[in-house]
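Shown next: query_25.cif, given as mmCIF, C-alpha atoms.
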data_my_file
#
loop_
_atom_site.group_PDB
_atom_site.id
_atom_site.type_symbol
_atom_site.label_atom_id
_atom_site.label_comp_id
_atom_site.auth_asym_id
_atom_site.auth_seq_id
_atom_site.Cartn_x
_atom_site.Cartn_y
_atom_site.Cartn_z
ATOM 1 C CA MET E 39 5.147 20.167 -14.430
ATOM 2 C CA THR E 40 3.906 17.048 -12.642
ATOM 3 C CA ALA E 41 0.221 17.587 -13.518
ATOM 4 C CA ASP E 42 0.864 16.685 -17.166
ATOM 5 C CA ILE E 43 2.385 13.280 -16.407
ATOM 6 C CA ASP E 44 0.389 10.152 -17.226
ATOM 7 C CA LEU E 45 1.438 7.775 -14.450
ATOM 8 C CA LYS E 46 0.079 4.760 -16.295
ATOM 9 C CA ASP E 47 2.619 5.373 -19.066
ATOM 10 C CA LEU E 48 5.409 5.071 -16.475
ATOM 11 C CA VAL E 49 4.359 1.613 -15.252
ATOM 12 C CA ARG E 50 6.150 -1.229 -17.006
ATOM 13 C CA THR E 51 4.178 -4.407 -17.722
ATOM 14 C CA ILE E 52 6.153 -7.646 -17.590
ATOM 15 C CA PRO E 53 4.238 -10.583 -19.084
ATOM 16 C CA ASP E 54 4.361 -14.039 -17.523
ATOM 17 C CA TYR E 55 5.982 -12.913 -14.264
ATOM 18 C CA PRO E 56 6.206 -14.451 -11.712
ATOM 19 C CA LYS E 57 4.416 -17.243 -13.574
ATOM 20 C CA PRO E 58 2.766 -17.768 -16.959
ATOM 21 C CA GLY E 59 -0.430 -15.820 -17.496
ATOM 22 C CA ILE E 60 0.401 -13.050 -15.010
ATOM 23 C CA MET E 61 0.855 -9.486 -16.270
ATOM 24 C CA PHE E 62 3.145 -8.001 -13.611
ATOM 25 C CA ARG E 63 2.724 -4.246 -13.129
ATOM 26 C CA ASP E 64 6.174 -2.942 -12.235
ATOM 27 C CA ILE E 65 6.293 0.509 -10.617
ATOM 28 C CA THR E 66 10.100 0.666 -10.413
ATOM 29 C CA THR E 67 10.056 2.556 -13.726
ATOM 30 C CA LEU E 68 7.644 5.105 -12.213
ATOM 31 C CA LEU E 69 9.763 5.411 -9.056
ATOM 32 C CA GLY E 70 12.859 5.995 -11.185
ATOM 33 C CA HIS E 71 11.232 8.892 -13.038
ATOM 34 C CA ALA E 72 11.769 11.954 -10.802
ATOM 35 C CA ASN E 73 8.728 13.922 -11.935
ATOM 36 C CA GLY E 74 6.596 10.799 -12.142
ATOM 37 C CA PHE E 75 7.499 9.811 -8.592
ATOM 38 C CA ARG E 76 6.782 13.336 -7.363
ATOM 39 C CA ALA E 77 3.403 13.387 -9.158
ATOM 40 C CA CYS E 78 2.570 9.943 -7.774
ATOM 41 C CA VAL E 79 3.231 11.004 -4.180
ATOM 42 C CA GLU E 80 1.302 14.270 -4.646
ATOM 43 C CA GLN E 81 -1.694 12.337 -5.947
ATOM 44 C CA LEU E 82 -1.540 9.714 -3.191
ATOM 45 C CA VAL E 83 -1.502 12.458 -0.546
ATOM 46 C CA GLN E 84 -4.163 14.710 -2.065
ATOM 47 C CA PRO E 85 -7.334 13.218 -0.452
ATOM 48 C CA PHE E 86 -5.706 13.188 2.988
ATOM 49 C CA VAL E 87 -4.076 16.646 3.115
ATOM 50 C CA ASN E 88 -6.856 18.151 5.221
ATOM 51 C CA ARG E 89 -7.345 15.119 7.448
ATOM 52 C CA ARG E 90 -5.585 14.368 10.677
ATOM 53 C CA VAL E 91 -3.101 11.553 10.053
ATOM 54 C CA GLN E 92 -0.882 10.433 12.919
ATOM 55 C CA ALA E 93 1.003 7.823 10.915
ATOM 56 C CA VAL E 94 1.314 6.223 7.515
ATOM 57 C CA ALA E 95 1.633 2.438 7.630
ATOM 58 C CA GLY E 96 3.472 1.005 4.624
ATOM 59 C CA ILE E 97 3.411 -2.625 3.583
ATOM 60 C CA GLU E 98 6.767 -4.227 2.752
ATOM 61 C CA ALA E 99 8.502 -3.445 0.452
ATOM 62 C CA ARG E 100 7.295 -0.896 -2.105
ATOM 63 C CA GLY E 101 4.866 0.446 0.481
ATOM 64 C CA PHE E 102 7.948 1.567 2.427
ATOM 65 C CA ILE E 103 9.155 3.730 -0.460
ATOM 66 C CA LEU E 104 5.763 5.271 -1.133
ATOM 67 C CA GLY E 105 4.660 5.388 2.496
ATOM 68 C CA GLY E 106 7.779 7.209 3.632
ATOM 69 C CA ALA E 107 7.280 9.883 0.986
ATOM 70 C CA VAL E 108 3.559 10.183 1.808
ATOM 71 C CA ALA E 109 4.315 10.467 5.541
ATOM 72 C CA ASP E 110 6.829 13.227 4.825
ATOM 73 C CA ARG E 111 4.236 15.185 2.821
ATOM 74 C CA LEU E 112 1.597 14.688 5.522
ATOM 75 C CA ARG E 113 4.125 15.634 8.216
ATOM 76 C CA CYS E 114 3.455 12.507 10.224
ATOM 77 C CA GLY E 115 5.281 9.365 11.262
ATOM 78 C CA PHE E 116 5.868 6.227 9.228
ATOM 79 C CA VAL E 117 5.273 2.693 10.492
ATOM 80 C CA PRO E 118 6.522 -0.390 8.626
ATOM 81 C CA ILE E 119 4.394 -3.505 8.255
ATOM 82 C CA ARG E 120 6.830 -6.341 7.590
ATOM 83 C CA LYS E 121 6.961 -10.024 6.888
ATOM 84 C CA LYS E 122 7.227 -12.235 9.955
ATOM 85 C CA GLY E 123 10.543 -12.168 11.786
ATOM 86 C CA LYS E 124 11.900 -8.948 10.233
ATOM 87 C CA LEU E 125 11.143 -6.477 13.038
ATOM 88 C CA PRO E 126 13.665 -6.176 15.889
ATOM 89 C CA GLY E 127 11.233 -5.212 18.676
ATOM 90 C CA LYS E 128 8.246 -7.005 20.144
ATOM 91 C CA ALA E 129 5.723 -7.440 17.341
ATOM 92 C CA ILE E 130 2.205 -8.701 16.792
ATOM 93 C CA GLY E 131 1.186 -10.584 13.675
ATOM 94 C CA GLN E 132 -1.722 -11.288 11.388
ATOM 95 C CA ASP E 133 -2.113 -14.346 9.171
ATOM 96 C CA TYR E 134 -3.406 -14.080 5.628
ATOM 97 C CA GLU E 135 -3.975 -16.547 2.828
ATOM 98 C CA LEU E 136 -1.742 -16.887 -0.172
ATOM 99 C CA GLU E 137 -2.545 -18.851 -3.299
ATOM 100 C CA TYR E 138 -0.748 -21.886 -1.820
ATOM 101 C CA GLY E 139 -0.643 -21.414 1.930
ATOM 102 C CA ILE E 140 -0.568 -18.910 4.764
ATOM 103 C CA ASP E 141 1.795 -16.017 5.431
ATOM 104 C CA VAL E 142 2.134 -13.564 8.323
ATOM 105 C CA ILE E 143 2.772 -9.830 8.492
ATOM 106 C CA GLU E 144 3.832 -8.025 11.650
ATOM 107 C CA ILE E 145 3.987 -4.602 13.247
ATOM 108 C CA HIS E 146 5.744 -3.426 16.403
ATOM 109 C CA GLU E 147 3.221 -3.598 19.219
ATOM 110 C CA ASP E 148 4.064 -0.050 20.321
ATOM 111 C CA ALA E 149 4.079 1.493 16.824
ATOM 112 C CA ILE E 150 0.651 3.101 17.029
ATOM 113 C CA GLY E 151 -1.509 4.353 19.872
ATOM 114 C CA ALA E 152 -5.179 3.598 20.395
ATOM 115 C CA ASN E 153 -7.431 5.741 18.179
ATOM 116 C CA ASP E 154 -4.486 7.132 16.195
ATOM 117 C CA PRO E 155 -5.635 7.968 12.653
ATOM 118 C CA VAL E 156 -3.544 5.850 10.272
ATOM 119 C CA LEU E 157 -3.333 5.789 6.487
ATOM 120 C CA LEU E 158 -2.364 2.470 4.877
ATOM 121 C CA VAL E 159 -0.142 2.745 1.776
ATOM 122 C CA ASP E 160 1.111 0.197 -0.754
ATOM 123 C CA ASP E 161 1.953 0.106 -4.438
ATOM 124 C CA LEU E 162 -0.846 -2.162 -5.637
ATOM 125 C CA ILE E 163 -4.096 -3.738 -4.529
ATOM 126 C CA ALA E 164 -5.094 -6.946 -6.276
ATOM 127 C CA THR E 165 -7.079 -9.552 -4.319
ATOM 128 C CA GLY E 166 -6.681 -7.488 -1.148
ATOM 129 C CA GLY E 167 -5.437 -10.286 1.094
ATOM 130 C CA THR E 168 -2.328 -8.494 2.319
ATOM 131 C CA ALA E 169 -4.118 -5.152 2.648
ATOM 132 C CA GLU E 170 -6.958 -6.782 4.595
ATOM 133 C CA ALA E 171 -4.421 -8.407 6.927
ATOM 134 C CA ALA E 172 -2.728 -5.014 7.383
ATOM 135 C CA VAL E 173 -6.042 -3.382 8.324
ATOM 136 C CA LYS E 174 -6.769 -6.162 10.821
ATOM 137 C CA LEU E 175 -3.261 -5.804 12.235
ATOM 138 C CA LEU E 176 -3.663 -2.031 12.662
ATOM 139 C CA ARG E 177 -7.026 -2.573 14.321
ATOM 140 C CA LYS E 178 -5.449 -5.002 16.792
ATOM 141 C CA LEU E 179 -3.557 -1.918 17.988
ATOM 142 C CA LYS E 180 -6.907 -0.075 18.031
ATOM 143 C CA ALA E 181 -5.788 2.314 15.299
ATOM 144 C CA ASP E 182 -8.374 4.288 13.341
ATOM 145 C CA VAL E 183 -7.671 3.254 9.738
ATOM 146 C CA ILE E 184 -8.861 6.369 7.897
ATOM 147 C CA GLY E 185 -8.185 5.027 4.413
ATOM 148 C CA ALA E 186 -5.860 3.156 2.113
ATOM 149 C CA ALA E 187 -3.904 4.571 -0.818
ATOM 150 C CA PHE E 188 -2.466 2.586 -3.718
ATOM 151 C CA VAL E 189 -0.768 3.516 -6.964
ATOM 152 C CA ILE E 190 -2.438 0.641 -8.846
ATOM 153 C CA ASP E 191 -5.787 -1.098 -8.471
ATOM 154 C CA LEU E 192 -6.608 -4.309 -10.299
ATOM 155 C CA PRO E 193 -10.390 -3.920 -9.851
ATOM 156 C CA ASP E 194 -11.344 -7.246 -11.413
ATOM 157 C CA LEU E 195 -9.554 -9.016 -8.545
ATOM 158 C CA GLY E 196 -11.772 -7.337 -5.929
ATOM 159 C CA GLY E 197 -9.254 -6.025 -3.402
ATOM 160 C CA ALA E 198 -10.719 -2.526 -3.044
ATOM 161 C CA ALA E 199 -14.191 -4.022 -2.555
ATOM 162 C CA ARG E 200 -12.747 -6.334 0.090
ATOM 163 C CA LEU E 201 -11.399 -3.349 2.039
ATOM 164 C CA ALA E 202 -14.679 -1.480 1.571
ATOM 165 C CA LYS E 203 -16.414 -4.351 3.391
ATOM 166 C CA LEU E 204 -14.106 -3.569 6.326
ATOM 167 C CA GLY E 205 -15.152 0.087 6.172
ATOM 168 C CA VAL E 206 -11.882 1.259 4.613
ATOM 169 C CA ALA E 207 -12.119 3.464 1.522
ATOM 170 C CA CYS E 208 -9.422 2.988 -1.119
ATOM 171 C CA HIS E 209 -7.794 5.757 -3.103
ATOM 172 C CA SER E 210 -6.019 4.471 -6.220
ATOM 173 C CA LEU E 211 -4.287 6.408 -8.971
ATOM 174 C CA ILE E 212 -4.324 3.879 -11.819
ATOM 175 C CA ALA E 213 -6.537 0.934 -12.703
ATOM 176 C CA PHE E 214 -5.629 -1.959 -14.971
ATOM 177 C CA GLU E 215 -8.784 -3.838 -15.992
ATOM 178 C CA GLY E 216 -8.726 -7.567 -16.681
ATOM 179 C CA ASP E 217 -5.819 -8.397 -14.413
#

Can I see the file as structure tokens?
Amino acid sequence: MTADIDLKDLVRTIPDYPKPGIMFRDITTLLGHANGFRACVEQLVQPFVNRRVQAVAGIEARGFILGGAVADRLRCGFVPIRKKGKLPGKAIGQDYELEYGIDVIEIHEDAIGANDPVLLVDDLIATGGTAEAAVKLLRKLKADVIGAAFVIDLPDLGGAARLAKLGVACHSLIAFEGD
């Protein structure tokens, strides 16, 4: 029974990765647990079951795994948001700030139609920089970003609040305070 599974117990914490002082929240252990993965997807989908969703947009790379499963449950398409230079067709990009520089994510320019309701999915929201860039990228295509769903929220880092300022509500399954 998936309702009895505590998803937080299935997330592995790796201290000092990728650098000292960081507590890395690794969902590969959750993904590898069949009932945990099923419960995770069911819970990510739940708030959106009765909403019209044309596509799920997943952020590279774990957002692909989760987003594909969510799209299947919602019976809609899946659209990848990738790092610059990884998409084969004509793409548009959006810059975002990293701790030490700028990066770019891209989406195919014909991936989503104007006013299409789109759900953004990724494994974790921390500072919100990548998620904010993804929302801006989707809006360049004039998509209606109806929400964002994450397995993990690190609320002390402010990412969900950052998306809220853009008018995008976040649905998260687990929170780790102090990270």

Find the residues around segment 162-174 of chain E up to 7 Å (all atoms listed in the file counted), leave out those fewer than 5 positions away in its own chain, and share them as a PyMOL selection string.
chain E and resi 132-135+183+188-192+195-198+200-201

For each of E:Lys57, E:Lys180, E:Arg76, E:His209, take the minimum atom-to-atom distance to Arg111 of chain E, counting all atoms listed in the file, then give the residue where this is smallest.
E:Arg76

Fewer than 4 positions away in the same chain doesn't count, so skip those; otherwise give me all residues within 10 Å of Val79 of chain E, counting all atoms listed in the file, as a ChimeraX atom specification.
/E:69,73-75,83-84,104-111,189

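One finds atom CA of Phe62 of chain E at 12.9 Å from atom CA of Glu215 of chain E.
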
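Among the candidates E:Lys46, E:Arg89, E:Lys121, E:Lys128, the one nearest to Ala77 of chain E when counting all atoms listed in the file is E:Lys46.
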
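Interatomic distance, atom CA of Asp47 of chain E to atom CA of Thr67 of chain E: 9.6 Å.
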
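Nearest to Ile43 of chain E of all the residues E:Ala72, E:Ala213, E:Ile103, E:Val206 is E:Ala72, counting all atoms listed in the file.
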
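The space between atom CA of Ile184 of chain E and atom CA of Ile119 of chain E spans 16.5 Å.
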
Translate the PyMOL selection byres ((chain E and resi 148) around 10), as applied to the file shown, into an explicit residue set as an MDAnalysis selection string.
chainID E and resid 127:130 145:147 149:152 179

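Candidate residues E:Cys208, E:Asn88, E:Ala181, E:Leu176 were compared for distance to Gly131 of chain E, and the nearest is E:Leu176, using all atoms listed in the file.
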
Let me have the centre and edge lengths in Å, one decimal, of the box along x, y and z around every listed atom of segment 56-64 of chain E with 8 Å of margin on each side, as lines of an AutoDock Vina configuration file.
center_x = 2.9
center_y = -10.4
center_z = -14.6
size_x = 22.6
size_y = 30.8
size_z = 21.8

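Here the question is which of E:Leu158, E:Ile60, E:Leu48, E:Cys114 gets nearest to Phe102 of chain E using all atoms listed in the file, and that residue is E:Leu158.
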
Rank nothing, just name the residue among E:Ile143, E:Val91, E:Val159, E:Ile97 nearest to Gly123 of chain E, using only C-alpha atoms.
E:Ile143

Counting all atoms listed in the file, note down every residue that has an atom within 9 Å of the point (9.0, -2.6, -10.4) (file coordinates), as a PyMOL selection string.
chain E and resi 49-51+62-69+100
